[in-house]
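Participant: Dropping in work-v7.cif, with mmCIF, C-alpha atoms.
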```
data_data
#
loop_
_atom_site.group_PDB
_atom_site.id
_atom_site.type_symbol
_atom_site.label_atom_id
_atom_site.label_comp_id
_atom_site.auth_asym_id
_atom_site.auth_seq_id
_atom_site.Cartn_x
_atom_site.Cartn_y
_atom_site.Cartn_z
ATOM 1 C CA MET A 1 -9.647 -24.234 -44.956
ATOM 2 C CA ALA A 2 -10.844 -21.274 -42.966
ATOM 3 C CA ALA A 3 -9.734 -20.704 -39.371
ATOM 4 C CA ILE A 4 -12.426 -21.103 -36.771
ATOM 5 C CA ARG A 5 -12.407 -18.315 -34.180
ATOM 6 C CA ASP A 6 -13.869 -18.331 -30.718
ATOM 7 C CA LEU A 7 -15.259 -14.820 -30.783
ATOM 8 C CA ARG A 8 -15.734 -14.711 -27.030
ATOM 9 C CA ARG A 9 -12.021 -15.162 -26.373
ATOM 10 C CA GLU A 10 -10.280 -13.324 -29.186
ATOM 11 C CA GLY A 11 -9.843 -9.634 -29.499
ATOM 12 C CA ARG A 12 -8.270 -6.860 -27.503
ATOM 13 C CA ALA A 13 -7.091 -7.104 -23.930
ATOM 14 C CA ARG A 14 -9.646 -5.754 -21.488
ATOM 15 C CA ARG A 15 -7.199 -4.784 -18.724
ATOM 16 C CA HIS A 16 -3.915 -2.941 -18.603
ATOM 17 C CA ALA A 17 -0.930 -4.942 -17.274
ATOM 18 C CA GLY A 18 0.191 -2.000 -15.136
ATOM 19 C CA GLU A 19 3.808 -1.812 -14.053
ATOM 20 C CA LEU A 20 4.759 -5.384 -14.829
ATOM 21 C CA LEU A 21 8.339 -6.153 -13.802
ATOM 22 C CA MET A 22 10.271 -8.422 -16.123
ATOM 23 C CA ALA A 23 13.202 -10.505 -14.918
ATOM 24 C CA ASP A 24 16.424 -10.487 -16.896
ATOM 25 C CA THR A 25 17.326 -14.099 -17.544
ATOM 26 C CA GLY A 26 20.866 -13.274 -18.664
ATOM 27 C CA ALA A 27 23.971 -14.454 -16.834
ATOM 28 C CA THR A 28 24.274 -11.188 -14.909
ATOM 29 C CA ALA A 29 20.912 -11.786 -13.241
ATOM 30 C CA ALA A 30 21.809 -15.211 -11.909
ATOM 31 C CA THR A 31 20.713 -15.901 -8.353
ATOM 32 C CA PRO A 32 23.665 -16.316 -6.029
ATOM 33 C CA ASP A 33 24.374 -19.625 -4.360
ATOM 34 C CA GLU A 34 22.821 -20.039 -0.922
ATOM 35 C CA THR A 35 26.393 -20.037 0.404
ATOM 36 C CA ASP A 36 26.757 -16.561 -1.119
ATOM 37 C CA ALA A 37 23.633 -15.164 0.584
ATOM 38 C CA LYS A 38 22.228 -14.708 4.081
ATOM 39 C CA THR A 39 18.512 -14.169 4.773
ATOM 40 C CA THR A 40 16.702 -12.964 7.921
ATOM 41 C CA ASP A 41 13.131 -11.835 8.626
ATOM 42 C CA ILE A 42 13.026 -8.305 10.055
ATOM 43 C CA THR A 43 10.481 -5.665 11.031
ATOM 44 C CA ALA A 44 11.214 -2.214 9.649
ATOM 45 C CA GLY A 45 10.692 0.741 11.938
ATOM 46 C CA PRO A 46 8.434 3.742 11.298
ATOM 47 C CA GLY A 47 10.917 5.203 8.790
ATOM 48 C CA GLY A 48 10.937 1.930 6.870
ATOM 49 C CA VAL A 49 13.624 0.787 4.461
ATOM 50 C CA MET A 50 14.360 2.936 1.400
ATOM 51 C CA THR A 51 14.518 0.965 -1.848
ATOM 52 C CA ASP A 52 15.651 1.988 -5.322
ATOM 53 C CA GLU A 53 12.560 0.622 -7.066
ATOM 54 C CA VAL A 54 9.551 1.586 -4.932
ATOM 55 C CA GLY A 55 10.795 3.999 -2.257
ATOM 56 C CA VAL A 56 10.136 3.311 1.424
ATOM 57 C CA ILE A 57 8.669 -0.025 2.512
ATOM 58 C CA THR A 58 7.650 -0.811 6.080
ATOM 59 C CA GLY A 59 6.359 -3.695 8.151
ATOM 60 C CA ASP A 60 7.395 -7.338 8.152
ATOM 61 C CA LEU A 61 10.173 -7.833 5.619
ATOM 62 C CA THR A 62 12.826 -10.336 4.635
ATOM 63 C CA LEU A 63 16.383 -9.004 4.317
ATOM 64 C CA ARG A 64 18.802 -10.772 1.996
ATOM 65 C CA THR A 65 22.516 -10.014 1.863
ATOM 66 C CA GLU A 66 24.044 -11.340 -1.364
ATOM 67 C CA LEU A 67 27.569 -11.612 -2.699
ATOM 68 C CA ARG A 68 27.933 -11.147 -6.443
ATOM 69 C CA SER A 69 31.177 -10.581 -8.317
ATOM 70 C CA GLY A 70 32.984 -9.188 -5.274
ATOM 71 C CA GLN A 71 30.125 -6.869 -4.283
ATOM 72 C CA VAL A 72 27.745 -7.200 -1.357
ATOM 73 C CA ALA A 73 24.142 -6.230 -2.116
ATOM 74 C CA LEU A 74 21.280 -5.747 0.336
ATOM 75 C CA ARG A 75 17.784 -6.597 -0.885
ATOM 76 C CA VAL A 76 14.418 -6.675 0.864
ATOM 77 C CA GLN A 77 10.992 -8.035 0.150
ATOM 78 C CA TYR A 78 7.688 -8.001 1.952
ATOM 79 C CA LYS A 79 7.646 -11.224 3.967
ATOM 80 C CA ASP A 80 6.634 -14.170 1.759
ATOM 81 C CA ALA A 81 6.300 -11.977 -1.357
ATOM 82 C CA ASP A 82 7.930 -12.720 -4.710
ATOM 83 C CA GLU A 83 9.434 -9.327 -5.557
ATOM 84 C CA TRP A 84 12.828 -8.262 -4.204
ATOM 85 C CA TYR A 85 13.935 -4.627 -3.996
ATOM 86 C CA ALA A 86 17.448 -3.181 -3.792
ATOM 87 C CA VAL A 87 18.111 -1.309 -0.543
ATOM 88 C CA THR A 88 19.209 2.217 -1.423
ATOM 89 C CA GLY A 89 22.918 2.546 -0.644
ATOM 90 C CA GLY A 90 23.118 -1.193 0.007
ATOM 91 C CA LEU A 91 25.795 -2.035 -2.560
ATOM 92 C CA ALA A 92 29.510 -2.089 -1.690
ATOM 93 C CA PRO A 93 32.702 -3.947 -2.554
ATOM 94 C CA LEU A 94 33.549 -6.870 -0.280
ATOM 95 C CA VAL A 95 37.223 -7.822 -0.223
ATOM 96 C CA ASP A 96 36.839 -11.101 1.682
ATOM 97 C CA PRO A 97 33.763 -13.281 1.004
ATOM 98 C CA ALA A 98 34.119 -14.645 4.552
ATOM 99 C CA ASP A 99 32.903 -11.224 5.766
ATOM 100 C CA LEU A 100 29.438 -11.713 4.250
ATOM 101 C CA ALA A 101 27.951 -13.048 7.505
ATOM 102 C CA ALA A 102 29.318 -10.076 9.466
ATOM 103 C CA VAL A 103 27.911 -7.576 6.949
ATOM 104 C CA HIS A 104 24.517 -9.326 7.139
ATOM 105 C CA THR A 105 24.541 -9.190 10.946
ATOM 106 C CA ILE A 106 25.281 -5.446 10.857
ATOM 107 C CA ALA A 107 22.536 -4.833 8.267
ATOM 108 C CA VAL A 108 20.009 -6.743 10.406
ATOM 109 C CA GLY A 109 21.058 -4.676 13.430
ATOM 110 C CA LEU A 110 20.515 -1.438 11.517
ATOM 111 C CA LEU A 111 17.243 -2.286 9.775
ATOM 112 C CA HIS A 112 15.416 -4.522 12.283
ATOM 113 C CA ARG A 113 13.461 -2.088 14.464
ATOM 114 C CA PRO A 114 10.347 -3.835 15.796
ATOM 115 C CA GLU A 115 9.996 -1.286 18.616
ATOM 116 C CA GLY A 116 10.336 1.692 16.274
#
```
Take the structure in this file and express it as structure tokens.
Facilitator:
Amino acid sequence: MAAIRDLRREGRARRHAGELLMADTGATAATPDETDAKTTDITAGPGGVMTDEVGVITGDLTLRTELRSGQVALRVQYKDADEWYAVTGGLAPLVDPADLAAVHTIAVGLLHRPEG
């Protein structure tokens, strides 16, 4: 039996996927528990927030402070977006997990600059 092809749909892709980010689904990429993360909406000032992946981002953002394997990590995303970016210099050891809320409060104080 011969395969029937829909010639209008088969063939080469017509568009390039661009810089498509792929998520690692391994154990190291697991999302932390909500108890191990704090999230706050912020407005970055004119200098924005420097990220490892895309450089400076500005405007209305969401800041997330996560605890993973004894390290605190700061991440940001454009408000209501899907992609998260690592804040440059936002990774440090955290001796006591109870200090996560305090670290998040300090990070919000440093990065939230609605008046510039």
Participant: Quick one: residues within 9 Å of A:Ala92, only C-alpha atoms, excluding same-chain residues fewer than 6 positions away - as a list in words?
Facilitator: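 Listed by chain and then number, they are Gly70, Gln71, Val72 and Ala73 of chain A.
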Participant: Neighbours of A:Asp60 within 9 Å (all atoms listed in the file; same-chain residues fewer than 6 positions away dropped), as a list in words?
Facilitator: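 So the residues in contact are Asp41, Ile42, Thr43, Ala44, Gln77, Tyr78, Lys79 and Pro114 of chain A.
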Participant: Running the PyMOL selection byres ((chain A and resi 76) around 12) on this model by hand, what would come out? Give it as a VMD selection string.
Facilitator: chain A and resid 38 to 44 48 to 66 73 to 75 77 to 88 90 107 to 108 111 to 112
Participant: Separation of atom CA of A:Ala102 and atom CA of A:Arg68, in Å?
Facilitator: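 Taking atom CA of A:Ala102 as the start and atom CA of A:Arg68 as the end point, the length is 16.0 Å.
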Participant: Figure out the distance between atom CA of A:Ile106 and atom CA of A:Asp36, please, to one decimal in Å.
Facilitator: 16.4 Å
Participant: By how many Å are atom CA of A:Glu115 and atom CA of A:Gly47 apart?
Facilitator: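 According to the coordinates, atom CA of A:Glu115 and atom CA of A:Gly47 are separated by 11.8 Å.
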Participant: Would you mind putting back N, CA, C and O atoms on stretch 81-97 of chain A, then writing it out as a short mmCIF file (atom, residue, chain, number, x, y, z; two decimals), keeping the file's coordinate frame?
Facilitator:
```cif
data_model
loop_
_atom_site.label_atom_id
_atom_site.label_comp_id
_atom_site.auth_asym_id
_atom_site.auth_seq_id
_atom_site.Cartn_x
_atom_site.Cartn_y
_atom_site.Cartn_z
N ALA A 81 6.64 -12.50 -0.03
CA ALA A 81 6.30 -11.98 -1.36
C ALA A 81 7.29 -12.52 -2.38
O ALA A 81 8.27 -13.18 -2.03
N ASP A 82 7.05 -12.26 -3.65
CA ASP A 82 7.93 -12.72 -4.71
C ASP A 82 8.95 -11.67 -5.14
O ASP A 82 10.03 -12.01 -5.58
N GLU A 83 8.59 -10.39 -5.04
CA GLU A 83 9.43 -9.33 -5.56
C GLU A 83 10.49 -8.91 -4.54
O GLU A 83 10.19 -8.70 -3.38
N TRP A 84 11.72 -8.75 -5.01
CA TRP A 84 12.83 -8.26 -4.20
C TRP A 84 13.17 -6.86 -4.66
O TRP A 84 13.08 -6.54 -5.85
N TYR A 85 13.57 -6.00 -3.70
CA TYR A 85 13.94 -4.63 -4.00
C TYR A 85 15.33 -4.34 -3.46
O TYR A 85 15.68 -4.77 -2.37
N ALA A 86 16.11 -3.57 -4.21
CA ALA A 86 17.45 -3.18 -3.79
C ALA A 86 17.36 -2.11 -2.71
O ALA A 86 16.66 -1.11 -2.89
N VAL A 87 18.06 -2.32 -1.60
CA VAL A 87 18.11 -1.31 -0.54
C VAL A 87 18.98 -0.16 -1.05
O VAL A 87 20.10 -0.37 -1.52
N THR A 88 18.46 1.05 -0.97
CA THR A 88 19.21 2.22 -1.42
C THR A 88 20.50 2.35 -0.61
O THR A 88 20.47 2.32 0.61
N GLY A 89 21.62 2.45 -1.30
CA GLY A 89 22.92 2.55 -0.64
C GLY A 89 23.43 1.21 -0.15
O GLY A 89 24.44 1.16 0.55
N GLY A 90 22.77 0.13 -0.50
CA GLY A 90 23.12 -1.19 0.01
C GLY A 90 24.00 -2.00 -0.92
O GLY A 90 23.90 -3.23 -0.97
N LEU A 91 24.87 -1.35 -1.66
CA LEU A 91 25.80 -2.04 -2.56
C LEU A 91 27.21 -1.54 -2.26
O LEU A 91 27.45 -0.33 -2.22
N ALA A 92 28.14 -2.48 -2.02
CA ALA A 92 29.51 -2.09 -1.69
C ALA A 92 30.46 -3.22 -2.03
O ALA A 92 30.07 -4.39 -2.04
N PRO A 93 31.72 -2.88 -2.31
CA PRO A 93 32.70 -3.95 -2.55
C PRO A 93 32.96 -4.73 -1.27
O PRO A 93 32.91 -4.18 -0.17
N LEU A 94 33.22 -6.02 -1.41
CA LEU A 94 33.55 -6.87 -0.28
C LEU A 94 34.83 -7.62 -0.62
O LEU A 94 34.84 -8.46 -1.51
N VAL A 95 35.91 -7.27 0.08
CA VAL A 95 37.22 -7.82 -0.22
C VAL A 95 37.29 -9.31 0.09
O VAL A 95 37.77 -10.10 -0.70
N ASP A 96 36.78 -9.71 1.25
CA ASP A 96 36.84 -11.10 1.68
C ASP A 96 35.44 -11.68 1.77
O ASP A 96 34.64 -11.24 2.60
N PRO A 97 35.09 -12.67 0.95
CA PRO A 97 33.76 -13.28 1.00
C PRO A 97 33.40 -13.84 2.38
O PRO A 97 32.22 -13.95 2.71
#
```
